Amino acid sequence: MQQDIPGTTLFDGDQARKGFALNRMCFSFNSAENRAAFLKDEDGYCRKFGLTEEQRAAVKSRNVLAMIAAGGNVYYLAKLAGIFGLNVQDLGAQQTGTTVEEFKEKLAAAGR
Amino acid sequence: MAKIIGGVATTHVPSIGKAIAEHKQNDPYWKPFFKGFDYVHYWLAREKPDVAVVFSNDHGLNFFLDKMPTFAVGAAAEYKNEDEGWGIPVSRAIAGDPKLSWHIINTLVADEFDITMCQEMLVDHAVTIPMTLMWPGEKWPVKIVPISINTVQHPLPSLKRCLALGRSVGRAIQSYPENLRVMIVGTGGLSHQLDGKRAGFINKEFDQLCMDKLAGEPEFLTRYSIHDWVEESGAQGVEFLNWMAMRGALTGQVREVHRNYHIPISNTAAATVVLENREEAERKAA
């Protein structure tokens, strides 16, 4: 058995099965029309994709770690984040419990 | 016969597309990355490729998780880009070379690579951004053959397998009867992680090792499992599989002629490398 990598969830078969409905909903956000439909009626839109309770709560709370725990894949979650104008530094800051400025500083520090 | 002139590997982060659209190439944040393309432009103007075989990974534009091919080869006359949902401008379409695509497909399957064949394929930022970086603001002078490698849904193919895939593509090109100058492109990487409490992970030392080994000793890198790679390079650092396949397709004497490395671009250690390929016959003639 391989050791887990701290702070990392490999998107494997278990995650893919678990997250299918959530990721499928996020996949639909490639379309501007669907992004607008989500904003107009979030509950209805989530229902249409059959999100689990856990997934629905995670989306509602806008909590990325909770969405990953519910099977979300980050490339698909980034499409959801895009609806709120959030980029991957915003996601990074939220997941690591820092401000966006602190997160950016951490990235820059990795180059020094 | 077709000739493999060399390869370009580059990061393909979506925000680069935004920076281009907003003309930010000379901003202090972006300049260290974009200036790394001056040599690439010089090299492409000198080498004049006709076709680019592009190894990249789809991020949920053409493939959803319902059907996820490990390796998929495009065989279309044209490749369109569409809205990817994260606010980068939609790119113009890129011309394909279906005849070369089918030759590559036939060779790969004969070599026992059980690939997926795609007569229609959308290409995402992992193809369009490198194209725009290589040929900014003009008509693209090359046709492409896109080859998609799954780096999203585990299990992923090994580094060894991707190197072998590239080698088979290289053999296909070398046996292609038309006088084409073919370049190989590998996109994505280097180290980065977008998800989890480890988001923001970057490993400069490991990236440098990868680049140091790529031209002369790519086999060295096949000792790492995908699990090792995630640990050393971050969850999305596995995009290096595209670089391995690119390197595999360079079947002659390979040397690095350009390297640019800069941290960070978005959440990523950004890298651009040009490898030159000299085939056996040329070496003898020289």
# chains A, B, ... in the order shown; residues from 1 in each chain; ligands from 1

$ interface_residues --of "chain B" --to "chain A" --cutoff "9 Å" --atoms "only C-alpha atoms" --output "compact mmCIF listing (two decimals) with C-alpha atoms, in the first residue's frame"
# COMPACT_ATOMS: atom_id res chain seq x y z
CA SER B 15 -4.21 32.78 -17.34
CA HIS B 59 -9.21 19.73 -18.95
CA GLY B 60 -12.90 18.97 -19.46
CA LEU B 61 -13.61 20.50 -22.86
CA PHE B 64 -15.72 14.46 -19.75
CA LEU B 65 -15.13 11.81 -17.08
CA ASP B 66 -17.79 9.56 -18.63
CA GLU B 82 -14.83 26.53 -27.32
CA ASP B 83 -15.78 28.27 -24.09
CA GLU B 84 -13.98 26.43 -21.26
CA GLY B 85 -15.92 28.16 -18.51
CA TRP B 86 -13.06 29.99 -16.79
CA GLY B 87 -13.16 33.22 -18.69
CA VAL B 152 -6.79 13.92 -14.99
CA GLN B 153 -8.45 10.67 -13.87
CA HIS B 154 -6.18 8.08 -12.26
CA PRO B 155 -4.86 5.55 -13.11
CA GLN B 193 -0.79 21.66 -7.36
CA LEU B 194 -4.18 23.35 -7.48
CA ASP B 195 -6.17 21.20 -5.06
CA GLY B 196 -6.13 20.28 -1.41
CA LYS B 197 -4.31 21.63 1.60
CA ARG B 198 -1.10 21.20 -0.38
CA ALA B 199 -2.28 23.71 -3.02
CA GLY B 200 0.54 25.99 -4.11
CA PHE B 201 3.16 23.24 -3.92
CA ILE B 202 6.12 23.92 -6.25
CA ASN B 203 9.41 21.99 -6.39
CA LYS B 204 12.16 23.93 -8.13
CA HIS B 227 2.49 8.41 -7.18
CA VAL B 230 2.52 13.64 -7.61
CA GLU B 231 4.64 13.75 -4.48
CA GLY B 234 2.37 18.20 -7.32
CA ALA B 235 -1.00 16.77 -8.31
CA HIS B 262 10.29 31.08 -13.91
CA ILE B 263 8.29 30.85 -10.66
CA PRO B 264 5.42 31.61 -10.46
CA ILE B 265 2.98 32.00 -13.31
CA SER B 266 -0.41 31.58 -11.72
CA ASN B 267 0.13 28.60 -9.33
CA THR B 268 2.75 27.03 -11.55
CA ALA B 269 6.48 26.78 -12.08

$ atom_distance --atom1 "CA of Gly189 (chain B)" --atom2 "CA of Met244 (chain B)"
11.4 Å

$ residues_around --residues "region 112-118 of chain B" --least-positions-apart "5" --cutoff "12 Å" --atoms "only C-alpha atoms" --output "ChimeraX atom specification"
/B:62-63,67-79,96,98,101-107,123,145-150,157,161-162,164-169

$ write_last_selection --atoms "C-alpha atoms" --output "tab-separated table (two decimals), in the first residue's frame"
chain	number	residue	atom	x	y	z
B	62	ASN	CA	-13.50	17.59	-25.31
B	63	PHE	CA	-13.54	14.72	-22.83
B	67	LYS	CA	-15.37	8.38	-21.32
B	68	MET	CA	-11.72	9.03	-20.62
B	69	PRO	CA	-9.24	7.64	-23.12
B	70	THR	CA	-5.69	7.16	-21.88
B	71	PHE	CA	-4.35	8.18	-25.30
B	72	ALA	CA	-6.45	9.82	-28.03
B	73	VAL	CA	-5.23	10.90	-31.45
B	74	GLY	CA	-6.99	13.62	-33.43
B	75	ALA	CA	-7.74	12.86	-37.09
B	76	ALA	CA	-9.70	15.96	-38.08
B	77	ALA	CA	-9.22	18.53	-40.83
B	78	GLU	CA	-9.85	21.28	-38.30
B	79	TYR	CA	-9.76	21.59	-34.51
B	96	GLY	CA	-5.30	19.55	-39.02
B	98	PRO	CA	-5.79	14.03	-41.30
B	101	SER	CA	-2.97	11.62	-38.33
B	102	TRP	CA	-4.09	8.32	-39.85
B	103	HIS	CA	-0.52	7.34	-40.62
B	104	ILE	CA	0.36	7.94	-36.95
B	105	ILE	CA	-2.77	6.05	-35.82
B	106	ASN	CA	-1.91	3.08	-38.04
B	107	THR	CA	1.66	2.97	-36.75
B	123	VAL	CA	-8.78	21.42	-28.38
B	145	VAL	CA	-1.93	16.46	-35.06
B	146	PRO	CA	-3.16	16.67	-31.46
B	147	ILE	CA	-2.54	13.70	-29.17
B	148	SER	CA	-4.32	13.79	-25.83
B	149	ILE	CA	-2.90	12.02	-22.78
B	150	ASN	CA	-5.08	11.48	-19.70
B	157	PRO	CA	-0.20	5.99	-17.95
B	161	ARG	CA	4.64	4.27	-21.39
B	162	CYS	CA	4.44	7.90	-22.51
B	164	ALA	CA	7.34	4.69	-25.61
B	165	LEU	CA	4.22	6.27	-27.11
B	166	GLY	CA	6.33	9.21	-28.24
B	167	ARG	CA	8.91	6.88	-29.77
B	168	SER	CA	6.21	5.13	-31.77
B	169	VAL	CA	4.94	8.51	-33.01

$ closest_residue --among "B:Ile88, B:Leu156, B:Ala249, B:Ala172" --to "Glu22 (chain B)" --atoms "only C-alpha atoms"
B:Ile88

$ atom_distance --atom1 "CA of Gly71 (chain A)" --atom2 "CA of Lys48 (chain A)"
17.9 Å

$ select_by_dssp --residues "region 8-225 of chain B" --states "strand (DSSP E or B)" --output "ChimeraX atom specification"
/B:8-10,51-56,71-74,78-79,94-96,116-118,143-149,181-187

$ closest_residue --among "B:Ala95, B:Leu221, B:Met131, B:Ala45" --to "Lys143 (chain B)" --atoms "only C-alpha atoms"
B:Ala95

$ select_by_dssp --residues "chain A" --states "alpha helix (DSSP H)" --output "PyMOL selection string"
chain A and resi 13-18+20-27+32-40+42-48+53-61+64-69+74-83+88-96+100-109

$ write_last_selection --atoms "C-alpha atoms" --output "PDB file, in the first residue's frame"
ATOM      1  CA  GLY A  13     -11.742   5.626  -9.466  1.00  0.00           C
ATOM      2  CA  ASP A  14     -13.232   6.050  -5.982  1.00  0.00           C
ATOM      3  CA  GLN A  15     -13.246   9.823  -6.277  1.00  0.00           C
ATOM      4  CA  ALA A  16     -14.462   9.688  -9.878  1.00  0.00           C
ATOM      5  CA  ARG A  17     -17.437   7.523  -8.884  1.00  0.00           C
ATOM      6  CA  LYS A  18     -18.231   9.597  -5.854  1.00  0.00           C
ATOM      7  CA  PHE A  20     -19.693  12.069 -10.914  1.00  0.00           C
ATOM      8  CA  ALA A  21     -22.833  14.206 -10.483  1.00  0.00           C
ATOM      9  CA  LEU A  22     -20.932  17.204  -9.127  1.00  0.00           C
ATOM     10  CA  ASN A  23     -18.303  17.049 -11.874  1.00  0.00           C
ATOM     11  CA  ARG A  24     -20.990  16.592 -14.505  1.00  0.00           C
ATOM     12  CA  MET A  25     -22.723  19.725 -13.288  1.00  0.00           C
ATOM     13  CA  CYS A  26     -19.438  21.643 -13.399  1.00  0.00           C
ATOM     14  CA  PHE A  27     -18.756  20.303 -16.905  1.00  0.00           C
ATOM     15  CA  ALA A  32     -22.544  30.596 -20.726  1.00  0.00           C
ATOM     16  CA  GLU A  33     -26.246  29.790 -20.835  1.00  0.00           C
ATOM     17  CA  ASN A  34     -25.807  27.109 -18.164  1.00  0.00           C
ATOM     18  CA  ARG A  35     -23.707  29.416 -15.993  1.00  0.00           C
ATOM     19  CA  ALA A  36     -26.538  31.947 -16.112  1.00  0.00           C
ATOM     20  CA  ALA A  37     -29.109  29.244 -15.308  1.00  0.00           C
ATOM     21  CA  PHE A  38     -27.085  28.220 -12.235  1.00  0.00           C
ATOM     22  CA  LEU A  39     -26.947  31.814 -10.984  1.00  0.00           C
ATOM     23  CA  LYS A  40     -30.647  32.266 -11.564  1.00  0.00           C
ATOM     24  CA  GLU A  42     -28.900  27.378  -7.880  1.00  0.00           C
ATOM     25  CA  ASP A  43     -31.111  24.906  -6.017  1.00  0.00           C
ATOM     26  CA  GLY A  44     -33.026  23.912  -9.132  1.00  0.00           C
ATOM     27  CA  TYR A  45     -29.846  23.592 -11.157  1.00  0.00           C
ATOM     28  CA  CYS A  46     -28.167  21.340  -8.559  1.00  0.00           C
ATOM     29  CA  ARG A  47     -31.315  19.215  -8.330  1.00  0.00           C
ATOM     30  CA  LYS A  48     -31.319  18.752 -12.094  1.00  0.00           C
ATOM     31  CA  GLU A  53     -26.594  15.990  -0.054  1.00  0.00           C
ATOM     32  CA  GLU A  54     -22.902  16.243   0.704  1.00  0.00           C
ATOM     33  CA  GLN A  55     -22.207  17.760  -2.722  1.00  0.00           C
ATOM     34  CA  ARG A  56     -25.102  20.186  -2.465  1.00  0.00           C
ATOM     35  CA  ALA A  57     -23.927  21.366   0.987  1.00  0.00           C
ATOM     36  CA  ALA A  58     -20.350  21.730  -0.286  1.00  0.00           C
ATOM     37  CA  VAL A  59     -21.452  23.826  -3.266  1.00  0.00           C
ATOM     38  CA  LYS A  60     -23.709  25.930  -1.065  1.00  0.00           C
ATOM     39  CA  SER A  61     -20.888  26.636   1.373  1.00  0.00           C
ATOM     40  CA  VAL A  64     -13.417  23.837  -2.075  1.00  0.00           C
ATOM     41  CA  LEU A  65     -12.020  21.235   0.349  1.00  0.00           C
ATOM     42  CA  ALA A  66     -15.574  20.044   1.036  1.00  0.00           C
ATOM     43  CA  MET A  67     -16.232  19.803  -2.703  1.00  0.00           C
ATOM     44  CA  ILE A  68     -13.060  17.727  -3.139  1.00  0.00           C
ATOM     45  CA  ALA A  69     -14.131  15.492  -0.248  1.00  0.00           C
ATOM     46  CA  VAL A  74     -10.291  20.602  -9.406  1.00  0.00           C
ATOM     47  CA  TYR A  75     -10.389  21.213 -13.175  1.00  0.00           C
ATOM     48  CA  TYR A  76     -14.181  20.948 -13.037  1.00  0.00           C
ATOM     49  CA  LEU A  77     -14.475  22.897  -9.768  1.00  0.00           C
ATOM     50  CA  ALA A  78     -12.484  25.692 -11.419  1.00  0.00           C
ATOM     51  CA  LYS A  79     -15.339  26.098 -13.909  1.00  0.00           C
ATOM     52  CA  LEU A  80     -17.739  26.600 -10.982  1.00  0.00           C
ATOM     53  CA  ALA A  81     -15.282  29.038  -9.375  1.00  0.00           C
ATOM     54  CA  GLY A  82     -15.180  30.949 -12.662  1.00  0.00           C
ATOM     55  CA  ILE A  83     -18.870  31.775 -12.249  1.00  0.00           C
ATOM     56  CA  VAL A  88      -6.804  29.390  -8.806  1.00  0.00           C
ATOM     57  CA  GLN A  89      -5.012  31.718  -6.390  1.00  0.00           C
ATOM     58  CA  ASP A  90      -8.355  32.429  -4.728  1.00  0.00           C
ATOM     59  CA  LEU A  91      -8.986  28.672  -4.532  1.00  0.00           C
ATOM     60  CA  GLY A  92      -5.467  28.072  -3.211  1.00  0.00           C
ATOM     61  CA  ALA A  93      -5.856  30.690  -0.498  1.00  0.00           C
ATOM     62  CA  GLN A  94      -9.178  29.267   0.626  1.00  0.00           C
ATOM     63  CA  GLN A  95      -7.878  25.698   0.760  1.00  0.00           C
ATOM     64  CA  THR A  96      -4.729  26.602   2.669  1.00  0.00           C
ATOM     65  CA  VAL A 100      -4.780  35.591  -1.396  1.00  0.00           C
ATOM     66  CA  GLU A 101      -1.773  37.885  -0.853  1.00  0.00           C
ATOM     67  CA  GLU A 102      -0.164  35.343   1.497  1.00  0.00           C
ATOM     68  CA  PHE A 103      -0.822  32.557  -0.984  1.00  0.00           C
ATOM     69  CA  LYS A 104       0.772  34.537  -3.815  1.00  0.00           C
ATOM     70  CA  GLU A 105       3.754  35.275  -1.602  1.00  0.00           C
ATOM     71  CA  LYS A 106       4.136  31.558  -0.888  1.00  0.00           C
ATOM     72  CA  LEU A 107       4.210  30.873  -4.644  1.00  0.00           C
ATOM     73  CA  ALA A 108       6.776  33.601  -5.253  1.00  0.00           C
ATOM     74  CA  ALA A 109       8.895  32.319  -2.360  1.00  0.00           C
TER      75      ALA A 109
END
